[in-house]
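*Asks:* Following this line is entry.cif, made up of mmCIF, C-alpha atoms:
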```
data_structure
loop_
_atom_site.label_atom_id
_atom_site.label_comp_id
_atom_site.auth_asym_id
_atom_site.auth_seq_id
_atom_site.Cartn_x
_atom_site.Cartn_y
_atom_site.Cartn_z
CA MET E 276 133.05 121.24 147.76
CA ILE E 277 136.00 118.88 147.44
CA LEU E 278 138.95 119.65 149.71
CA ARG E 279 142.35 118.59 148.49
CA LEU E 280 145.22 118.55 150.95
CA GLY E 281 148.79 118.64 149.79
CA VAL E 282 152.31 119.86 150.42
CA THR E 283 154.83 121.75 148.38
CA GLY E 284 158.21 120.14 148.03
CA LEU E 285 158.82 116.45 148.25
CA PRO E 286 159.10 114.81 151.63
CA SER E 287 162.04 112.52 152.36
CA ASN E 288 162.04 109.04 150.82
CA ARG E 289 160.60 107.51 153.99
CA GLN E 290 157.87 110.15 154.17
CA ARG E 291 156.97 109.73 150.47
CA ARG E 292 155.95 106.15 151.03
CA LYS E 293 153.81 107.27 153.96
CA ALA E 294 152.18 110.20 152.15
CA THR E 295 148.75 108.75 152.77
CA GLY E 296 146.13 111.32 153.58
CA LEU E 297 147.58 113.80 151.10
CA SER E 298 145.80 114.53 147.84
CA PHE E 299 148.77 116.13 146.09
CA VAL E 300 152.47 116.79 146.31
CA GLU E 301 153.84 119.80 144.43
CA ILE E 302 157.30 119.67 142.89
CA ALA E 303 158.62 123.18 143.47
CA ALA E 304 162.08 122.62 141.94
CA THR E 305 160.66 123.11 138.45
CA PHE E 306 160.09 126.81 139.23
CA HIS E 307 163.79 127.71 139.10
CA GLN E 308 165.61 125.06 137.10
CA GLY E 309 165.25 121.94 135.10
CA VAL E 310 164.87 118.60 136.81
CA ARG E 311 166.01 115.51 134.94
CA PRO E 312 163.09 113.45 133.56
CA GLN E 313 164.50 110.34 135.27
CA THR E 314 164.42 112.15 138.63
CA LEU E 315 160.83 113.28 138.09
CA ALA E 316 159.78 109.75 137.16
CA LYS E 317 161.49 108.36 140.28
CA TRP E 318 159.76 110.91 142.51
CA ARG E 319 156.41 109.92 140.98
CA ALA E 320 157.18 106.22 141.49
CA ASP E 321 158.07 106.83 145.15
CA LEU E 322 154.61 108.22 145.92
CA PRO E 323 151.56 106.10 146.68
CA ASP E 324 149.30 105.68 143.63
CA ASP E 325 146.47 107.66 145.20
CA VAL E 326 148.63 110.76 145.75
CA GLY E 327 148.54 113.18 142.83
CA LEU E 328 151.56 115.07 141.68
CA VAL E 329 151.68 118.62 140.33
CA VAL E 330 154.64 120.65 139.12
CA ARG E 331 155.23 124.33 139.69
CA GLY E 332 155.36 126.29 136.45
CA HIS E 333 158.71 127.82 135.52
CA ARG E 334 159.19 131.36 136.83
CA ASP E 335 159.51 132.81 133.32
CA LEU E 336 155.83 132.02 132.75
CA THR E 337 154.62 134.62 135.22
CA PHE E 338 157.53 136.61 136.68
CA PRO E 339 159.00 139.45 134.57
CA ARG E 340 162.80 139.70 134.39
CA LYS E 341 164.89 142.79 133.71
CA ASP E 342 167.36 140.78 131.62
CA SER E 343 164.61 139.17 129.54
CA PRO E 344 161.85 141.62 128.57
CA GLY E 345 159.64 138.90 127.08
CA ALA E 346 159.48 136.82 130.25
CA GLY E 347 156.57 136.74 132.63
CA LEU E 348 152.91 137.69 132.93
CA LEU E 349 151.96 134.85 130.55
CA ARG E 350 152.85 137.06 127.59
CA ASP E 351 152.82 135.81 124.02
CA SER E 352 156.61 135.71 123.69
CA GLU E 353 159.49 133.38 122.94
CA ASP E 354 160.61 133.50 126.59
CA VAL E 355 157.20 132.43 127.87
CA GLU E 356 156.93 129.77 125.17
CA ALA E 357 160.30 128.34 126.26
CA ALA E 358 159.06 128.33 129.87
CA TRP E 359 155.92 126.46 128.76
CA ALA E 360 158.07 123.86 127.00
CA HIS E 361 160.17 123.41 130.16
CA THR E 362 157.10 123.18 132.40
CA LEU E 363 155.08 120.81 130.24
CA HIS E 364 158.09 118.56 129.62
CA ALA E 365 158.55 118.27 133.40
CA ALA E 366 154.83 117.68 133.96
CA LYS E 367 154.74 114.87 131.41
CA ALA E 368 157.92 113.25 132.78
CA ALA E 369 156.40 113.29 136.28
CA ARG E 370 152.98 112.15 135.02
CA ALA E 371 151.67 115.23 136.81
CA ALA E 372 147.98 115.89 137.24
CA GLY E 373 148.48 119.61 136.84
CA VAL E 374 150.62 122.71 136.96
CA VAL E 375 150.69 125.32 139.71
CA LEU E 376 151.31 128.86 138.50
CA ILE E 377 152.79 131.30 141.01
CA SER E 378 152.07 134.92 140.15
CA PRO E 379 153.77 138.14 141.22
CA ALA E 380 151.89 141.02 142.83
CA ASP E 381 151.74 142.91 139.53
CA PHE E 382 149.74 140.09 137.96
CA THR E 383 146.52 141.91 138.78
CA PRO E 384 142.97 140.84 137.81
CA THR E 385 142.90 142.79 134.55
CA ASP E 386 141.02 141.49 131.52
CA ARG E 387 144.33 140.72 129.81
CA HIS E 388 145.61 138.71 132.77
CA ARG E 389 142.31 136.86 133.16
CA ASP E 390 142.39 135.97 129.47
CA ALA E 391 146.00 134.81 129.82
CA LEU E 392 145.05 132.59 132.77
CA ALA E 393 142.13 131.08 130.85
CA LYS E 394 144.43 130.39 127.91
CA ALA E 395 147.02 128.84 130.27
CA GLY E 396 144.38 126.61 131.86
CA ALA E 397 143.20 125.43 128.46
CA ARG E 398 146.76 124.69 127.38
CA ILE E 399 147.49 122.68 130.53
CA ALA E 400 144.25 120.71 130.13
CA GLU E 401 145.07 119.99 126.48
CA GLU E 402 148.70 119.00 127.05
CA LEU E 403 148.31 116.83 130.15
CA PRO E 404 146.33 113.59 129.98
#
```
In structure tokens, write the structure found in this file.

*Replies:*
Amino acid sequence: MILRLGVTGLPSNRQRRKATGLSFVEIAATFHQGVRPQTLAKWRADLPDDVGLVVRGHRDLTFPRKDSPGAGLLRDSEDVEAAWAHTLHAAKAARAAGVVLISPADFTPTDRHRDALAKAGARIAEELP
């Protein structure tokens, strides 16, 4: 088994340069709002080359919203598609190695949710180099 050690959130500038020993850093800011591509690229450049970077998927991918009935649970909807566009754009700008999906408690291990996760994994693998 390979153990990968990482942190969520970016350490300070000084700590970024000393992030040795970490396998990954997760950018959590992409969960709630957009982050400028230039900022993502700078954060990537500030990390040592051997530290991977992952972005957190936008909340509308997995979390339902009362004001947007199509959001969440990896549904086939315009809201989820927009969240994918946001997430993958951020991942590419950051040259991320992957995407972390945070799921709510009601994202239970049903066949539909398992299928949605498999589809999400395939999409991430296809979209990210």

*Asks:* Running the PyMOL selection byres ((chain E and resi 363) around 9) on this model by hand, what would come out? Give it as JSON, numbers by chain.

*Replies:* {"E": [330, 332, 358, 359, 360, 361, 362, 364, 365, 366, 367, 368, 374, 399, 402, 403]}

*Asks:* Here is a test: counting only C-alpha atoms, which residue of E:Ala357, E:Ala346, E:Leu336, E:Ala371 is nearest to Ile302 (chain E)?

*Replies:*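 Once distances to Ile302 (chain E) are computed over only C-alpha atoms, the minimum belongs to E:Ala371.
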
*Asks:* Leaving out Phe382 (chain E) and any residue of its chain fewer than 3 positions from it, which residues lie within 10 Å of it when counting all atoms listed in the file, given as a PDB file with C-alpha atoms, in the frame of the given file?

*Replies:*
```pdb
ATOM      1  CA  THR E 337     154.620 134.620 135.220  1.00  0.00           C
ATOM      2  CA  PHE E 338     157.530 136.610 136.680  1.00  0.00           C
ATOM      3  CA  PRO E 339     159.000 139.450 134.570  1.00  0.00           C
ATOM      4  CA  GLY E 347     156.570 136.740 132.630  1.00  0.00           C
ATOM      5  CA  LEU E 348     152.910 137.690 132.930  1.00  0.00           C
ATOM      6  CA  LEU E 349     151.960 134.850 130.550  1.00  0.00           C
ATOM      7  CA  ILE E 377     152.790 131.300 141.010  1.00  0.00           C
ATOM      8  CA  SER E 378     152.070 134.920 140.150  1.00  0.00           C
ATOM      9  CA  PRO E 379     153.770 138.140 141.220  1.00  0.00           C
ATOM     10  CA  THR E 385     142.900 142.790 134.550  1.00  0.00           C
ATOM     11  CA  ARG E 387     144.330 140.720 129.810  1.00  0.00           C
ATOM     12  CA  HIS E 388     145.610 138.710 132.770  1.00  0.00           C
ATOM     13  CA  ARG E 389     142.310 136.860 133.160  1.00  0.00           C
TER      14      ARG E 389
END
```

*Asks:* As an exercise, work out the distance from CA of Lys317 (chain E) to CA of Ala395 (chain E) in Å and give it to one decimal place.

*Replies:* 27.0 Å

*Asks:* Record the distance separating CA of Asp321 (chain E) and CA of Arg370 (chain E), expressed in Å with one decimal.

*Replies:*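 Interatomic distance here is 12.5 Å.
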
*Asks:* When you draw a straight line from CA of Val375 (chain E) to CA of Arg311 (chain E), how long is it in Å?

*Replies:*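 Separation between CA of Val375 (chain E) and CA of Arg311 (chain E): 18.8 Å.
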
*Asks:* Counting only C-alpha atoms, figure out which residue out of E:Leu376, E:Pro344, E:Pro323, E:Pro404 gets nearest to Ala303 (chain E).

*Replies:*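 Looking at the shortest contact to Ala303 (chain E), the residue is E:Leu376.
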
*Asks:* Counting only C-alpha atoms, which residues have an atom no more than 9 Å from (150.7, 113.4, 141.7) in the file's coordinates? Please list them as number ranges by chain.

*Replies:* E: 298-301, 319, 322-330, 369-373

*Asks:* As JSON, please report the centre and edge lengths, rounded to one decimal in Å, of the axis-aligned box that holds all listed atoms of region 377-385 of chain E with 8 Å of padding on each of the six sides.

*Replies:*
```
{"center_x": 148.3, "center_y": 137.1, "center_z": 138.7, "size_x": 26.9, "size_y": 27.6, "size_z": 24.3}
```
